[in-house]
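Everything below concerns the one structure shown next.
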Amino acid sequence: MIVLLLAIGLVFPTWTPSIEGDNSISSLEQIEINGTDHEVMIRGVDRSNPIVIFVHGGPGCSEIPYVRKYQDLLEQNFTIVHYDQRGSGKSYHFFEDYSTLSADLLVDDLLALTDYVEKEFGQEKVLLIGHSFGTYIGMKAAAKAPDKFAAYVGIGQVADQGNSELDSLNYSIEQARLAGNLKDAERLEQLRGPIENREQLTPRDMVRKYGGAARLIDDNRDYYTGFLLNPEYNLLDVIRYLKGVSLSQEILLKEQSNNDITNIVDKVELPVYFVMGQYDYMTSVNAAKDYFEVLEAPKKEFVIFEKSAHYPQFEEEALFAEWLQKTWSQVSPRP
């Protein structure tokens, strides 16, 4: 019986639930982009609504398994596009050669996906939103092809990695001491040298333990329940997800560490919004603010969500949906 259940889980069909409405869209399919299939989920109550493309972080951490939980409000006013990046999640293919995987290749994939959705929905520009490592890809895409986007939004914006990681380390040590967890504080202090030398990240389990990842949600639990209960992923897709995280992080985190986005993109020709949770120490608010101050853009805004950490779009979903609608009204290319 166990073997049978596992076999069914490996091949069980996947889908995304339908949305009521004559002009609604709820699709989950593989789309060929730049020579390889990408998993793309598109949802919204009216396909004529403006398009938002979300670029997931990680690297390799698709949000398709659970993101529906947090985007009902967004789907009312936008057509929401999520995709698994090359080598990530359902876009990981077991016998594909990923030796050339790079941030620039993911940027080219994103731009090709943007062309696809703009043509498919008959729109000239979309709103581009990156999250966490997705902001590394998003910023490079916005700088390379600003004409494709109405604006760029960076949630949990990456910036100078050295400064960000020191903020994370100091915060985690302080919180561990305040909680009386002196062993944690000592363990973290021993990592100061490698972190200062950009050889290591502050352990994410420690950042998460002390509230620097999420305050109002359990992001790890969201993945577990999404994998188990939601129809977008089956057991084979979970295996792909795990393989993709291992592959992507080994290659792309090293690239990001050696090539800070602050040294790559210092000017963009479109409106830019950095959206940060007040308690974000996965990508620190201070580092993002320093980057924001020197970044050149025709319009830019630094937005703080006061109750959130690394996931303000989920932790304060109603407030974020309200903010996004207001922001779109200011940058919309439509008359």
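Residue names in the structure tokens use chain letters A, B, ... in the order shown, residue numbers from 1 in each chain, and ligand numbers from 1 in the order shown.
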Non-local contacts of region 29-31 of chain A (9 Å; only C-alpha atoms; under 6 positions in same chain excluded) as a ChimeraX atom specification: /A:15,37-42,90-91,113
Those residues with C-alpha atoms, as a JSON list (two decimals), in the first residue's frame please?
[["chain", "number", "residue", "atom", "x", "y", "z"],
["A", 15, "TRP", "CA", -3.27, 21.82, -11.57],
["A", 37, "ASP", "CA", 10.50, 24.24, -20.35],
["A", 38, "HIS", "CA", 9.51, 26.53, -17.49],
["A", 39, "GLU", "CA", 6.58, 25.96, -15.15],
["A", 40, "VAL", "CA", 4.33, 29.02, -15.24],
["A", 41, "MET", "CA", 1.26, 29.68, -13.08],
["A", 42, "ILE", "CA", -1.06, 32.52, -14.08],
["A", 90, "LYS", "CA", 9.06, 22.07, -11.71],
["A", 91, "SER", "CA", 11.47, 23.73, -14.14],
["A", 113, "LEU", "CA", 8.79, 35.27, -20.25]]
Residue neighbourhood region 210-224 of chain A, 6 Å, only C-alpha atoms, exclusion window fewer than 4 positions, as a count of residues only: 8
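Using only C-alpha atoms for every distance, the candidate list A:Lys144, A:His56, A:Arg43, A:His93 yields A:Arg43 as the residue closest to Gln76 (chain A).
Taking only C-alpha atoms into account, Val107 (chain A) lies nearest to A:Ala145 out of the set A:Ala145, A:Ile304, A:Val275, A:Val268.
Distances to Glu199 (chain A) were evaluated for A:Ala151, A:Ala179, A:Ile64, A:Leu253 using only C-alpha atoms, and the minimum falls at A:Leu253.
Per DSSP on the backbone, helix (DSSP H, G or I) in region 178-217 of chain A comprises Leu178, Leu182, Lys183, Asp184, Ala185, Glu186, Arg187, Leu188, Glu189, Arg192, Gly193, Pro194, Ile195, Glu196, Arg204, Asp205, Met206, Val207, Arg208 and Lys209 of chain A.
For the set A:Phe274, A:Phe12, A:Tyr66, A:Tyr116, the residue with the smallest atom-to-atom gap to Thr225 (chain A) is A:Tyr66, counting only C-alpha atoms.
CA of Thr262 (chain A) to CA of Leu295 (chain A) spans 8.3 Å [interatomic distance, one decimal].
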Spatial neighbours of Glu165 (chain A), 10 Å, only C-alpha atoms, chain gap at least 6 places, as a ChimeraX atom specification: /A:171,192,195-196,198,200-203,281-284,287
With all heavy atoms retained, export the selected residues as a tab-separated table (two decimals), in the first residue's frame.
chain	number	residue	atom	x	y	z
A	171	TYR	N	22.34	41.20	14.77
A	171	TYR	CA	20.96	41.08	15.26
A	171	TYR	C	20.74	39.74	15.94
A	171	TYR	O	20.17	39.67	17.05
A	171	TYR	CB	19.99	41.25	14.09
A	171	TYR	CG	18.57	40.84	14.42
A	171	TYR	CD1	17.71	41.72	15.07
A	171	TYR	CD2	18.09	39.57	14.08
A	171	TYR	CE1	16.42	41.35	15.38
A	171	TYR	CE2	16.80	39.20	14.38
A	171	TYR	CZ	15.96	40.08	15.03
A	171	TYR	OH	14.68	39.71	15.34
A	192	ARG	N	32.02	35.19	13.17
A	192	ARG	CA	32.20	36.59	12.76
A	192	ARG	C	33.30	36.73	11.70
A	192	ARG	O	33.13	37.46	10.71
A	192	ARG	CB	32.51	37.46	13.97
A	192	ARG	CG	32.62	38.94	13.63
A	192	ARG	CD	32.73	39.80	14.87
A	192	ARG	NE	31.52	39.74	15.68
A	192	ARG	CZ	30.43	40.46	15.44
A	192	ARG	NH1	30.39	41.28	14.40
A	192	ARG	NH2	29.38	40.36	16.24
A	195	ILE	N	32.19	35.51	8.23
A	195	ILE	CA	31.13	36.37	7.70
A	195	ILE	C	31.70	37.73	7.29
A	195	ILE	O	31.35	38.26	6.24
A	195	ILE	CB	30.00	36.52	8.73
A	195	ILE	CG1	29.26	35.18	8.87
A	195	ILE	CG2	29.03	37.62	8.33
A	195	ILE	CD1	28.23	35.14	9.97
A	196	GLU	N	32.59	38.28	8.09
A	196	GLU	CA	33.23	39.55	7.73
A	196	GLU	C	34.04	39.41	6.45
A	196	GLU	O	34.14	40.36	5.66
A	196	GLU	CB	34.11	40.03	8.87
A	196	GLU	CG	33.35	40.56	10.07
A	196	GLU	CD	34.27	41.03	11.19
A	196	GLU	OE1	35.47	40.64	11.17
A	196	GLU	OE2	33.79	41.77	12.07
A	198	ARG	N	33.23	37.53	4.00
A	198	ARG	CA	32.29	37.15	2.94
A	198	ARG	C	32.47	35.69	2.52
A	198	ARG	O	32.21	35.32	1.39
A	198	ARG	CB	32.45	38.05	1.72
A	198	ARG	CG	32.12	39.51	1.98
A	198	ARG	CD	32.42	40.38	0.79
A	198	ARG	NE	32.08	41.78	1.04
A	198	ARG	CZ	31.06	42.42	0.48
A	198	ARG	NH1	30.28	41.79	-0.36
A	198	ARG	NH2	30.84	43.69	0.76
A	200	GLN	N	30.94	33.22	4.35
A	200	GLN	CA	29.81	32.47	4.89
A	200	GLN	C	28.65	33.42	5.17
A	200	GLN	O	28.86	34.62	5.43
A	200	GLN	CB	30.23	31.77	6.19
A	200	GLN	CG	29.15	30.88	6.79
A	200	GLN	CD	29.69	30.09	7.98
A	200	GLN	OE1	30.89	29.90	8.12
A	200	GLN	NE2	28.78	29.65	8.84
A	201	LEU	N	27.44	32.88	5.08
A	201	LEU	CA	26.26	33.64	5.45
A	201	LEU	C	25.94	33.38	6.92
A	201	LEU	O	26.30	32.35	7.49
A	201	LEU	CB	25.06	33.21	4.60
A	201	LEU	CG	25.18	33.36	3.08
A	201	LEU	CD1	23.90	32.87	2.41
A	201	LEU	CD2	25.49	34.79	2.68
A	202	THR	N	25.27	34.32	7.55
A	202	THR	CA	24.74	34.07	8.89
A	202	THR	C	23.78	32.89	8.81
A	202	THR	O	22.91	32.87	7.94
A	202	THR	CB	24.00	35.31	9.42
A	202	THR	OG1	24.88	36.43	9.39
A	202	THR	CG2	23.51	35.08	10.83
A	203	PRO	N	23.92	31.88	9.66
A	203	PRO	CA	23.06	30.70	9.56
A	203	PRO	C	21.59	31.07	9.54
A	203	PRO	O	21.09	31.75	10.44
A	203	PRO	CB	23.42	29.89	10.81
A	203	PRO	CG	24.82	30.31	11.13
A	203	PRO	CD	24.90	31.76	10.76
A	281	TYR	N	16.02	40.46	8.48
A	281	TYR	CA	17.46	40.26	8.60
A	281	TYR	C	17.94	39.11	7.73
A	281	TYR	O	19.07	38.63	7.89
A	281	TYR	CB	17.85	40.06	10.07
A	281	TYR	CG	17.79	41.36	10.83
A	281	TYR	CD1	16.63	41.71	11.53
A	281	TYR	CD2	18.85	42.26	10.80
A	281	TYR	CE1	16.56	42.92	12.21
A	281	TYR	CE2	18.78	43.48	11.47
A	281	TYR	CZ	17.63	43.80	12.17
A	281	TYR	OH	17.56	45.01	12.83
A	282	MET	N	17.10	38.67	6.79
A	282	MET	CA	17.58	37.81	5.72
A	282	MET	C	18.27	38.67	4.67
A	282	MET	O	19.31	38.32	4.12
A	282	MET	CB	16.41	37.04	5.11
A	282	MET	CG	15.64	36.16	6.08
A	282	MET	SD	16.54	34.68	6.54
A	282	MET	CE	16.06	33.59	5.19
A	283	THR	N	17.66	39.80	4.38
A	283	THR	CA	18.26	40.85	3.55
A	283	THR	C	18.01	42.14	4.32
A	283	THR	O	16.88	42.63	4.36
A	283	THR	CB	17.62	40.92	2.16
A	283	THR	OG1	16.19	41.02	2.29
A	283	THR	CG2	17.95	39.69	1.34
A	284	SER	N	19.02	42.70	4.92
A	284	SER	CA	18.78	43.70	5.96
A	284	SER	C	18.25	45.02	5.41
A	284	SER	O	18.59	45.46	4.30
A	284	SER	CB	20.06	43.95	6.76
A	284	SER	OG	20.86	44.95	6.18
A	287	ALA	N	21.09	47.71	4.82
A	287	ALA	CA	21.85	47.53	3.58
A	287	ALA	C	21.01	47.96	2.37
A	287	ALA	O	21.52	48.60	1.45
A	287	ALA	CB	22.30	46.08	3.43
Separation of CA of Tyr291 (chain A) from CA of Gln161 (chain A), in Å and rounded to one decimal: 10.9 Å
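In this comparison, which uses only C-alpha atoms, the residue of A:Val245, A:Asp290, A:Arg187, A:Met139 approaching Ser164 (chain A) most closely is A:Asp290.
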Nearby residues (only C-alpha atoms) at most 12 Å from Leu111 (chain A), same-chain spacing under 3 positions excluded, as a PyMOL selection string: chain A and resi 33-34+53+55+85+104-108+114-118+125-126+128+137-149
Who sits within 10 Å of Gly244 (chain A), only C-alpha atoms, same chain under 2 positions skipped, as a short mmCIF file (atom, residue, chain, number, x, y, z; two decimals) with N, CA and C atoms, in the first residue's frame:
data_model
loop_
_atom_site.label_atom_id
_atom_site.label_comp_id
_atom_site.auth_asym_id
_atom_site.auth_seq_id
_atom_site.Cartn_x
_atom_site.Cartn_y
_atom_site.Cartn_z
N PRO A 59 18.40 31.12 -3.87
CA PRO A 59 17.91 30.69 -5.18
C PRO A 59 17.24 29.32 -5.12
N GLY A 60 16.39 29.08 -6.09
CA GLY A 60 15.76 27.78 -6.26
C GLY A 60 14.47 27.57 -5.53
N CYS A 61 13.99 28.59 -4.77
CA CYS A 61 12.84 28.39 -3.89
C CYS A 61 11.55 28.87 -4.55
N SER A 62 10.99 28.06 -5.40
CA SER A 62 9.71 28.37 -6.01
C SER A 62 8.66 28.65 -4.95
N ASP A 84 8.62 29.00 -12.10
CA ASP A 84 9.80 28.35 -11.53
C ASP A 84 10.98 28.64 -12.45
N GLN A 85 12.02 29.26 -11.91
CA GLN A 85 13.17 29.63 -12.72
C GLN A 85 13.88 28.39 -13.24
N ARG A 86 14.65 28.57 -14.28
CA ARG A 86 15.43 27.48 -14.87
C ARG A 86 16.19 26.72 -13.78
N GLY A 87 16.01 25.41 -13.76
CA GLY A 87 16.69 24.58 -12.77
C GLY A 87 16.07 24.59 -11.40
N SER A 88 14.89 25.22 -11.25
CA SER A 88 14.22 25.30 -9.94
C SER A 88 12.85 24.64 -10.01
N GLY A 89 12.45 23.98 -8.92
CA GLY A 89 11.10 23.44 -8.83
C GLY A 89 10.73 22.59 -10.02
N LYS A 90 9.55 22.85 -10.57
CA LYS A 90 9.06 22.07 -11.71
C LYS A 90 9.76 22.42 -13.01
N SER A 91 10.64 23.42 -12.97
CA SER A 91 11.47 23.73 -14.14
C SER A 91 12.82 23.02 -14.07
N TYR A 92 13.02 22.20 -13.04
CA TYR A 92 14.21 21.36 -12.98
C TYR A 92 13.94 20.08 -13.76
N HIS A 93 14.81 19.76 -14.70
CA HIS A 93 14.67 18.56 -15.53
C HIS A 93 15.89 17.68 -15.30
N PHE A 94 15.64 16.43 -14.96
CA PHE A 94 16.67 15.55 -14.41
C PHE A 94 17.88 15.36 -15.33
N VAL A 238 8.25 17.61 -5.78
CA VAL A 238 8.97 17.91 -4.54
C VAL A 238 10.43 17.48 -4.68
N ILE A 239 10.64 16.32 -5.30
CA ILE A 239 12.02 15.86 -5.54
C ILE A 239 12.74 16.83 -6.45
N ARG A 240 12.05 17.28 -7.49
CA ARG A 240 12.64 18.28 -8.39
C ARG A 240 12.99 19.56 -7.62
N TYR A 241 12.09 19.96 -6.76
CA TYR A 241 12.32 21.17 -5.96
C TYR A 241 13.61 21.03 -5.15
N LEU A 242 13.76 19.93 -4.44
CA LEU A 242 14.93 19.72 -3.59
C LEU A 242 16.22 19.67 -4.42
N SER A 246 19.42 22.61 -4.33
CA SER A 246 20.82 22.24 -4.19
C SER A 246 21.65 22.74 -5.36
N LEU A 247 21.14 22.54 -6.56
CA LEU A 247 21.86 22.98 -7.76
C LEU A 247 21.99 24.50 -7.81
N SER A 248 20.87 25.19 -7.64
CA SER A 248 20.85 26.65 -7.84
C SER A 248 21.66 27.37 -6.78
N GLN A 249 21.54 26.95 -5.53
CA GLN A 249 22.24 27.67 -4.47
C GLN A 249 23.74 27.49 -4.57
N GLU A 250 24.19 26.32 -4.96
CA GLU A 250 25.63 26.09 -5.09
C GLU A 250 26.24 27.03 -6.13
#
Test item: residues at most 10 Å from Pro271 (chain A), only C-alpha atoms, excluding those fewer than 6 positions along its chain, as a ChimeraX atom specification: /A:142,146,149-153,296-301,330-331
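Of the listed residues A:Leu228, A:Ile129, A:Val285, A:Leu236, the one whose atoms come nearest to Ser168 (chain A) is A:Val285, with distances taken using only C-alpha atoms.
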